[in-house]
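Read the structure below first, then the notes.
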Amino acid sequence: MIHPTPPGTRDILPEEMRELRALEAALRAAFEAHGYGEVATPTIEYADVLRRGDERYANAAYRFFDERGELLAMRSDMTIPIARLVATRMQDDEPPFRLSYIARAYRAVSPQRGQMREFTQAGVELVGAPAPEGTAEVIEVLSAALDAAGLTRAVVGLGDSDLYRQLLAEFGVGAEACDQILDRLAAHDLVGLELAVDEVSGLDPQARATLLALPGMRGGPEVLDRATDVGGEAVGRATGRMRATYDSLKARGVADRVRLDLGLLRDLGYYTGAILEVYDPALGHILGGGGRYDSLLGRFGRDLPAAGFSLYMERLHVAQAEEERQSEGQR
Amino acid sequence: MMPRVVDLTRAREGGPLKLAVPRGALWPETLDMLDRIGSDTSELRSDSRSLVFQTEGLTLVTMRPSDVPTYVEAGAADLGITGKDVLLEQRDRIVYEVLDLRFGACRMVLAGRANDDALDEDERRLGAMRIATKYPRIAERHFEETGRRAEVIEVKGSVELAPLSGLADGIVDLVASGRTLAENGLEVREEIATSTARLIANRVSHKLRAAEVDELVERLRPEGR
């Protein structure tokens with residue numbers, strides 16, 4: 001008899017579980033070594049609490065009523081639950097807080113594309129440490145976690161979620177056009193971006209050239225100089241934060257792992273400043289991401305700067321297997 | 001020694017970039033474009049049944065246009081060429097749309113029977129239009145954005161048959177010259193979008209092989225841009 005499980009969910013049998021547990025143990029050791037203690041939070045939260053962190057939780061995929069008629073929701077990541085936890089449970093403690101997790105989260109995705117509706121994330125949150133040092137520390141831990149997973153070729157993309165918006169403001173682009181341009185950038189639609197930029201009336205040709213060149217700029221620290229060459233002082237001011245973070249990464253010895261990316265924009269509502277994406281050459285999908293969310297804790301009544309990352313465990317596992325296969329193939 | 005096909009197709013750092021090439025309407029102009037940048041397409045033009053071709057500096061994998069975003073999103077191809085219509089229909093695929101290649105121009109339209117107001121009558125009397133299409137998501141989005149309701153019926157073959165046989169009163173379809181519409185007694189009522197061929201890139205390849213991707217983009221960039 002076949003008794004199905006819901007789409008996007010699955011069972012894990014011992015052989016896979018042994019490998020997953022080994023991977024988790026390696027990540028936990030890396031988190032602990034950097035002083036990040038593990039926490040757990042409930043899988044279900046009050047929908048109102050999650051929505052306080054991110055308005056889009058109003059449409060959370062899995063919501064239901066409890067026996068008293070309260071609206072509950074399944075978490076779609078750990079960042080908001082941990083923001084709630086810090087604001088509520090650590091009221092009397094002195095920041096910074098270094099927390100880690102390996103936990104399941106839930107999203108309504110189309111399960112045919114290797115994405116699961118129930119999936120496991122591993123990550124850290126650093127609360128109470130501002131940029132640039134706080135951001136650089138998170139990237140240092142991320143780098144250690146990737147090494148611990150055996151993904152020595154994995155790369156961290158570092159962008160800035162405010163950079164492009166700030167530039168548009170400096171160039172005097174109106175709010176509506178600005179939103180449209182940012183939408184295209186977040187959708188990775190560079191053709192549409194050019195069309196939207198060309199629709200802005202009275203845009204200085206130099207400003208236009210800057211706006212079109214920036215999303216393609218990615219690589220080592222030289223991209224910051226190249227960007228300033230193209231866009232002048234406005235870009236220089238906007239890239240200041242990235243430069244400061246990069247300098248700190250150099251001092252920590254992890255700058256080689258980082259590619260600066262002036263076109264990076266994640267569409268998660270709560271990011272401010274730095275944003276991260278993780279790539280491995282053996283896998284066509286991103287392994288995870290993260291960034292700064294300096295205003296999130298304030299929404300829970302405790303105004304602290306924060307940053308973090310999360311990695312998709314299942315994808316890490318696939319990348320690990322693929323890396324092993326490729327290195328065997330080269331022998 | 002001949003490289004094994006699996007070595008050519010599996011995502012791998014260091015090998016040539018893999019480009020997904022669409023068979024079908026965009027095929028001839030895509031091959032002409034590849035000739036212009038110095039890729040030898042004679043093998044693709046022969047009646048070979050192969051699906052994977054090795055050319056100077058590029059591995060070409062050939063497929064249906066609507067499969068191109070699937071391969072590129074998964075990283076089974078680093079880059080791909082497909083129509084904007086395909087990208088609009090598969091809007092949730094996360095790929096970089098890097099270049100408008102300018103060829104393969106056509107329009108996505110709503111068409112109905114000529115000299116027949118069944119479409120409007122449907123909307124007035126029944127509150128919804130009956131529309132047949134191969135692009136259900138574009139159609140649904142168009143009616144949603146214009147505040148109307150439609151019963152969208154997905155078909156796989158010749159859409160023009162639907163209003164002729166009474167399955168639907170209108171169609172949402174791609175038109176280039178408009179000849180097929182005219183020959184079947186249909187006329188354009190609304191234009192929904194315009195489409196040309198686009199170059200798309202995998203999210204990871206766009207970052208990890210940035211220099212090679214950018215170099216190819218520059219070589220493929222239509223003149224006058």
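Residue numbering restarts at 1 for every chain of the structure tokens, chains are lettered A, B, ... in their displayed order, and ligands are numbered from 1 as they appear.
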If we count only C-alpha atoms, what is near Ile44 of chain A at a cut-off of 8 Å, once residues fewer than 6 positions away on the same chain are taken out, given as JSON, numbers by chain?
{"A": [72, 73, 74, 75]}
Restricted to C-alpha atoms, what would the selected residues look like written as a PDB file, in the first residue's frame?
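Output (again_24.pdb):
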```pdb
ATOM      1  CA  LEU A  72      -1.200  30.646  14.110  1.00  0.00           C
ATOM      2  CA  ALA A  73       1.423  30.413  11.347  1.00  0.00           C
ATOM      3  CA  MET A  74       4.300  28.074  10.503  1.00  0.00           C
ATOM      4  CA  ARG A  75       7.613  29.952  10.473  1.00  0.00           C
TER       5      ARG A  75
END
```
Show me, as a ChimeraX atom specification, every residue of chain A with an atom at most 10 Å from chain B, counting only C-alpha atoms.
/A:109-110,113-114,154-157,184-185,187-194,216-219,259-261,277-287,322-323,326,329
Now that the selection is made, can you save its residues with N, CA and C atoms as a CSV table (one decimal), in the first residue's frame?
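That gives us part.csv:
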```
chain,number,residue,atom,x,y,z
A,109,VAL,N,6.3,26.5,-1.9
A,109,VAL,CA,7.0,26.6,-3.2
A,109,VAL,C,6.6,25.5,-4.1
A,110,SER,N,6.9,25.6,-5.4
A,110,SER,CA,6.5,24.5,-6.2
A,110,SER,C,7.5,23.3,-6.1
A,113,ARG,N,10.8,21.7,-8.4
A,113,ARG,CA,12.0,22.2,-8.8
A,113,ARG,C,13.1,22.1,-7.7
A,114,GLY,N,13.1,20.9,-7.0
A,114,GLY,CA,14.1,20.6,-6.0
A,114,GLY,C,14.0,21.5,-4.8
A,154,ALA,N,33.2,27.0,-2.2
A,154,ALA,CA,32.0,27.9,-2.1
A,154,ALA,C,32.4,29.4,-1.9
A,155,VAL,N,31.6,30.3,-2.5
A,155,VAL,CA,31.9,31.7,-2.5
A,155,VAL,C,30.8,32.4,-1.9
A,156,VAL,N,31.1,33.5,-1.2
A,156,VAL,CA,30.1,34.4,-0.6
A,156,VAL,C,30.0,35.7,-1.4
A,157,GLY,N,28.8,36.0,-1.9
A,157,GLY,CA,28.5,37.2,-2.6
A,157,GLY,C,28.1,38.3,-1.6
A,184,ARG,N,12.6,45.5,-10.8
A,184,ARG,CA,13.3,44.8,-11.9
A,184,ARG,C,14.7,44.2,-11.4
A,185,LEU,N,15.4,45.0,-10.6
A,185,LEU,CA,16.7,44.5,-10.1
A,185,LEU,C,16.5,43.3,-9.2
A,187,ALA,N,14.2,41.2,-9.4
A,187,ALA,CA,13.8,40.1,-10.2
A,187,ALA,C,14.9,39.6,-11.2
A,188,HIS,N,16.1,40.2,-11.1
A,188,HIS,CA,17.2,39.9,-11.9
A,188,HIS,C,17.0,40.2,-13.4
A,189,ASP,N,16.0,41.1,-13.7
A,189,ASP,CA,15.6,41.4,-15.0
A,189,ASP,C,16.4,42.7,-15.5
A,190,LEU,N,17.6,42.4,-16.0
A,190,LEU,CA,18.5,43.6,-16.4
A,190,LEU,C,18.0,44.2,-17.7
A,191,VAL,N,17.3,43.5,-18.5
A,191,VAL,CA,16.7,44.1,-19.7
A,191,VAL,C,15.6,45.1,-19.3
A,192,GLY,N,14.7,44.6,-18.4
A,192,GLY,CA,13.6,45.5,-17.9
A,192,GLY,C,14.1,46.6,-17.1
A,193,LEU,N,15.2,46.4,-16.4
A,193,LEU,CA,15.9,47.5,-15.7
A,193,LEU,C,16.3,48.7,-16.6
A,194,GLU,N,16.9,48.3,-17.7
A,194,GLU,CA,17.3,49.3,-18.7
A,194,GLU,C,16.1,50.1,-19.2
A,216,GLY,N,26.0,45.0,-13.1
A,216,GLY,CA,26.9,44.0,-13.6
A,216,GLY,C,28.2,44.0,-12.9
A,217,MET,N,28.4,44.9,-11.9
A,217,MET,CA,29.8,44.9,-11.3
A,217,MET,C,29.9,43.9,-10.2
A,218,ARG,N,30.7,43.0,-10.3
A,218,ARG,CA,30.9,41.9,-9.3
A,218,ARG,C,32.3,41.4,-9.4
A,219,GLY,N,32.9,41.1,-8.3
A,219,GLY,CA,34.3,40.6,-8.3
A,219,GLY,C,35.0,41.0,-7.0
A,259,ARG,N,33.0,37.7,-2.9
A,259,ARG,CA,32.9,38.5,-4.1
A,259,ARG,C,32.0,39.7,-3.8
A,260,LEU,N,32.5,40.9,-4.1
A,260,LEU,CA,31.6,42.0,-3.9
A,260,LEU,C,30.7,42.1,-5.1
A,261,ASP,N,29.4,42.4,-4.9
A,261,ASP,CA,28.4,42.4,-6.0
A,261,ASP,C,27.5,43.6,-5.8
A,277,GLU,N,24.8,36.2,-0.4
A,277,GLU,CA,24.3,35.0,-1.1
A,277,GLU,C,25.5,34.0,-1.1
A,278,VAL,N,25.2,32.7,-1.1
A,278,VAL,CA,26.3,31.7,-1.1
A,278,VAL,C,26.2,30.8,-2.3
A,279,TYR,N,27.3,30.7,-3.0
A,279,TYR,CA,27.3,29.9,-4.2
A,279,TYR,C,28.4,28.8,-4.1
A,280,ASP,N,28.1,27.7,-4.8
A,280,ASP,CA,29.1,26.7,-4.9
A,280,ASP,C,29.2,26.3,-6.4
A,281,PRO,N,30.3,26.1,-7.0
A,281,PRO,CA,30.4,25.8,-8.4
A,281,PRO,C,29.8,24.5,-8.8
A,282,ALA,N,29.6,23.6,-7.8
A,282,ALA,CA,29.0,22.3,-8.1
A,282,ALA,C,27.4,22.3,-8.2
A,283,LEU,N,26.8,23.5,-7.8
A,283,LEU,CA,25.4,23.5,-7.7
A,283,LEU,C,24.8,24.8,-8.4
A,284,GLY,N,23.8,24.6,-9.2
A,284,GLY,CA,23.2,25.7,-9.9
A,284,GLY,C,22.3,26.6,-9.1
A,285,HIS,N,21.9,26.2,-7.9
A,285,HIS,CA,21.1,27.0,-7.0
A,285,HIS,C,21.9,27.6,-5.9
A,286,ILE,N,21.5,28.7,-5.3
A,286,ILE,CA,22.2,29.3,-4.2
A,286,ILE,C,22.1,28.4,-3.0
A,287,LEU,N,23.1,28.3,-2.1
A,287,LEU,CA,23.2,27.5,-1.0
A,287,LEU,C,22.5,28.2,0.2
A,322,GLU,N,28.0,16.3,-4.7
A,322,GLU,CA,28.4,16.6,-6.0
A,322,GLU,C,29.9,17.0,-6.0
A,323,GLU,N,30.4,17.7,-5.0
A,323,GLU,CA,31.8,18.0,-4.9
A,323,GLU,C,32.7,16.7,-4.8
A,326,GLN,N,32.8,15.0,-8.1
A,326,GLN,CA,33.6,15.7,-9.1
A,326,GLN,C,35.1,15.4,-8.8
A,329,GLY,N,36.0,12.1,-9.9
A,329,GLY,CA,36.0,12.0,-11.4
A,329,GLY,C,37.4,12.6,-11.9
```
Need the shell around Pro163 of chain B: protein/DNA/RNA residues with any atom at most 9 Å away, counting only C-alpha atoms. Skip same-chain ones fewer than 3 positions apart. Format as a tab-separated table (two decimals) with N, CA and C atoms, in the first residue's frame?
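After the write, selection_35.tsv holds the following:
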```tsv
chain	number	residue	atom	x	y	z
B	112	GLY	N	-10.14	37.56	-31.18
B	112	GLY	CA	-11.47	36.97	-31.23
B	112	GLY	C	-11.87	36.79	-32.68
B	113	ARG	N	-13.04	36.17	-32.91
B	113	ARG	CA	-13.54	36.02	-34.27
B	113	ARG	C	-13.81	37.39	-34.87
B	131	ILE	N	-11.49	31.86	-22.81
B	131	ILE	CA	-10.27	32.10	-23.57
B	131	ILE	C	-9.45	30.82	-23.64
B	132	ALA	N	-9.05	30.43	-24.85
B	132	ALA	CA	-8.14	29.29	-25.00
B	132	ALA	C	-6.73	29.81	-25.21
B	159	VAL	N	-4.11	26.83	-31.33
B	159	VAL	CA	-5.09	27.52	-30.51
B	159	VAL	C	-6.24	28.05	-31.35
B	160	GLU	N	-5.94	28.35	-32.63
B	160	GLU	CA	-6.94	28.97	-33.50
B	160	GLU	C	-8.18	28.09	-33.63
B	166	GLY	N	-15.81	26.39	-31.17
B	166	GLY	CA	-16.72	26.71	-30.08
B	166	GLY	C	-16.21	26.34	-28.70
B	167	LEU	N	-14.94	25.89	-28.60
B	167	LEU	CA	-14.37	25.61	-27.28
B	167	LEU	C	-14.25	26.90	-26.48
B	168	ALA	N	-13.92	28.01	-27.18
B	168	ALA	CA	-13.74	29.31	-26.52
B	168	ALA	C	-14.19	30.39	-27.48
B	169	ASP	N	-14.31	31.60	-26.97
B	169	ASP	CA	-14.68	32.71	-27.84
B	169	ASP	C	-13.48	33.54	-28.25
B	170	GLY	N	-12.38	33.39	-27.52
B	170	GLY	CA	-11.18	34.15	-27.87
B	170	GLY	C	-9.95	33.34	-27.54
B	171	ILE	N	-8.81	33.85	-27.99
B	171	ILE	CA	-7.55	33.19	-27.67
B	171	ILE	C	-6.54	34.23	-27.20
B	186	LEU	N	-9.80	35.29	-37.55
B	186	LEU	CA	-9.65	35.91	-36.24
B	186	LEU	C	-8.99	37.27	-36.38
```
Compile the contact shell of Ala307 of chain A as a PyMOL selection string: residues with an atom at most 7 Å away, counting only C-alpha atoms, same-chain residues fewer than 4 positions apart removed.
chain A and resi 125-127+134-135+138+291-293
Members of segment 86-316 of chain A assigned alpha helix (DSSP H) by DSSP, as a ChimeraX atom specification:
/A:86-89,133-148,163-170,175-186,190-199,205-213,222-252,296-299,313-316
Nearby residues (only C-alpha atoms) at most 7 Å from Gly185 of chain B, same-chain spacing under 3 positions excluded, as a VMD selection string
chain B and resid 113 to 114 181 to 182
Okay, now the selection with C-alpha atoms, as a PDB file, in the first residue's frame?
```pdb
ATOM      1  CA  ARG B 113     -13.536  36.022 -34.273  1.00  0.00           C
ATOM      2  CA  ALA B 114     -13.656  38.873 -36.799  1.00  0.00           C
ATOM      3  CA  LEU B 181      -5.082  34.669 -37.375  1.00  0.00           C
ATOM      4  CA  ALA B 182      -6.420  36.175 -40.591  1.00  0.00           C
TER       5      ALA B 182
END
```
Leu19 of chain B surroundings by only C-alpha atoms, 6 Å radius, close-in-sequence under 5 positions cut, as an mmCIF file with N, CA and C atoms, in the first residue's frame:
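Writing the result to part.cif gives the following:
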```
data_model
loop_
_atom_site.group_PDB
_atom_site.id
_atom_site.type_symbol
_atom_site.label_atom_id
_atom_site.label_comp_id
_atom_site.auth_asym_id
_atom_site.auth_seq_id
_atom_site.Cartn_x
_atom_site.Cartn_y
_atom_site.Cartn_z
ATOM 1 N N LEU B 60 27.048 23.758 -26.832
ATOM 2 C CA LEU B 60 25.673 24.127 -27.169
ATOM 3 C C LEU B 60 24.759 22.943 -26.866
ATOM 4 N N ALA B 77 22.522 24.392 -17.721
ATOM 5 C CA ALA B 77 23.146 25.250 -18.728
ATOM 6 C C ALA B 77 23.495 26.557 -18.021
ATOM 7 N N LEU B 79 23.943 29.500 -19.587
ATOM 8 C CA LEU B 79 23.207 30.579 -20.244
ATOM 9 C C LEU B 79 22.200 29.951 -21.191
ATOM 10 N N GLY B 80 21.247 30.734 -21.666
ATOM 11 C CA GLY B 80 20.289 30.200 -22.606
ATOM 12 C C GLY B 80 19.654 31.302 -23.420
#
```
Segment 59-119 of chain B: residues DSSP assigns to strand (DSSP E), reported as a ChimeraX atom specification:
/B:59-63,79-83,96-100,106-113
Taking C-alpha atoms for each residue, export the selection above as a compact mmCIF listing (two decimals), in the first residue's frame.
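Output saved as part-v6.txt:
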```
# COMPACT_ATOMS: atom_id res chain seq x y z
CA THR B 59 29.05 23.83 -25.46
CA LEU B 60 25.67 24.13 -27.17
CA VAL B 61 22.74 22.13 -25.81
CA THR B 62 19.62 22.18 -27.97
CA MET B 63 16.07 21.98 -26.63
CA LEU B 79 23.21 30.58 -20.24
CA GLY B 80 20.29 30.20 -22.61
CA ILE B 81 18.38 31.85 -25.40
CA THR B 82 14.59 31.92 -25.32
CA GLY B 83 11.64 34.21 -26.05
CA TYR B 96 19.14 36.61 -14.84
CA GLU B 97 17.69 38.19 -17.95
CA VAL B 98 20.86 39.79 -19.27
CA LEU B 99 20.29 40.84 -22.88
CA ASP B 100 17.59 41.66 -25.41
CA CYS B 106 6.29 39.05 -31.98
CA ARG B 107 3.29 40.15 -29.93
CA MET B 108 1.19 38.40 -27.30
CA VAL B 109 -2.40 39.32 -28.13
CA LEU B 110 -6.01 38.66 -27.25
CA ALA B 111 -7.85 37.74 -30.45
CA GLY B 112 -11.47 36.97 -31.23
CA ARG B 113 -13.54 36.02 -34.27
```
For segment 50-65 of chain A, list every protein, DNA or RNA residue within 10 Å, evaluated using only C-alpha atoms, and leave out those in the same chain fewer than 2 positions away; present the list as number ranges by chain.
A: 44-48, 67-76, 79-81, 83-84, 106-109, 117, 268-270, 295-300
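Computed from the coordinates, the atom CA of Asp40 of chain B to atom CA of Gly57 of chain B distance equals 10.1 Å.
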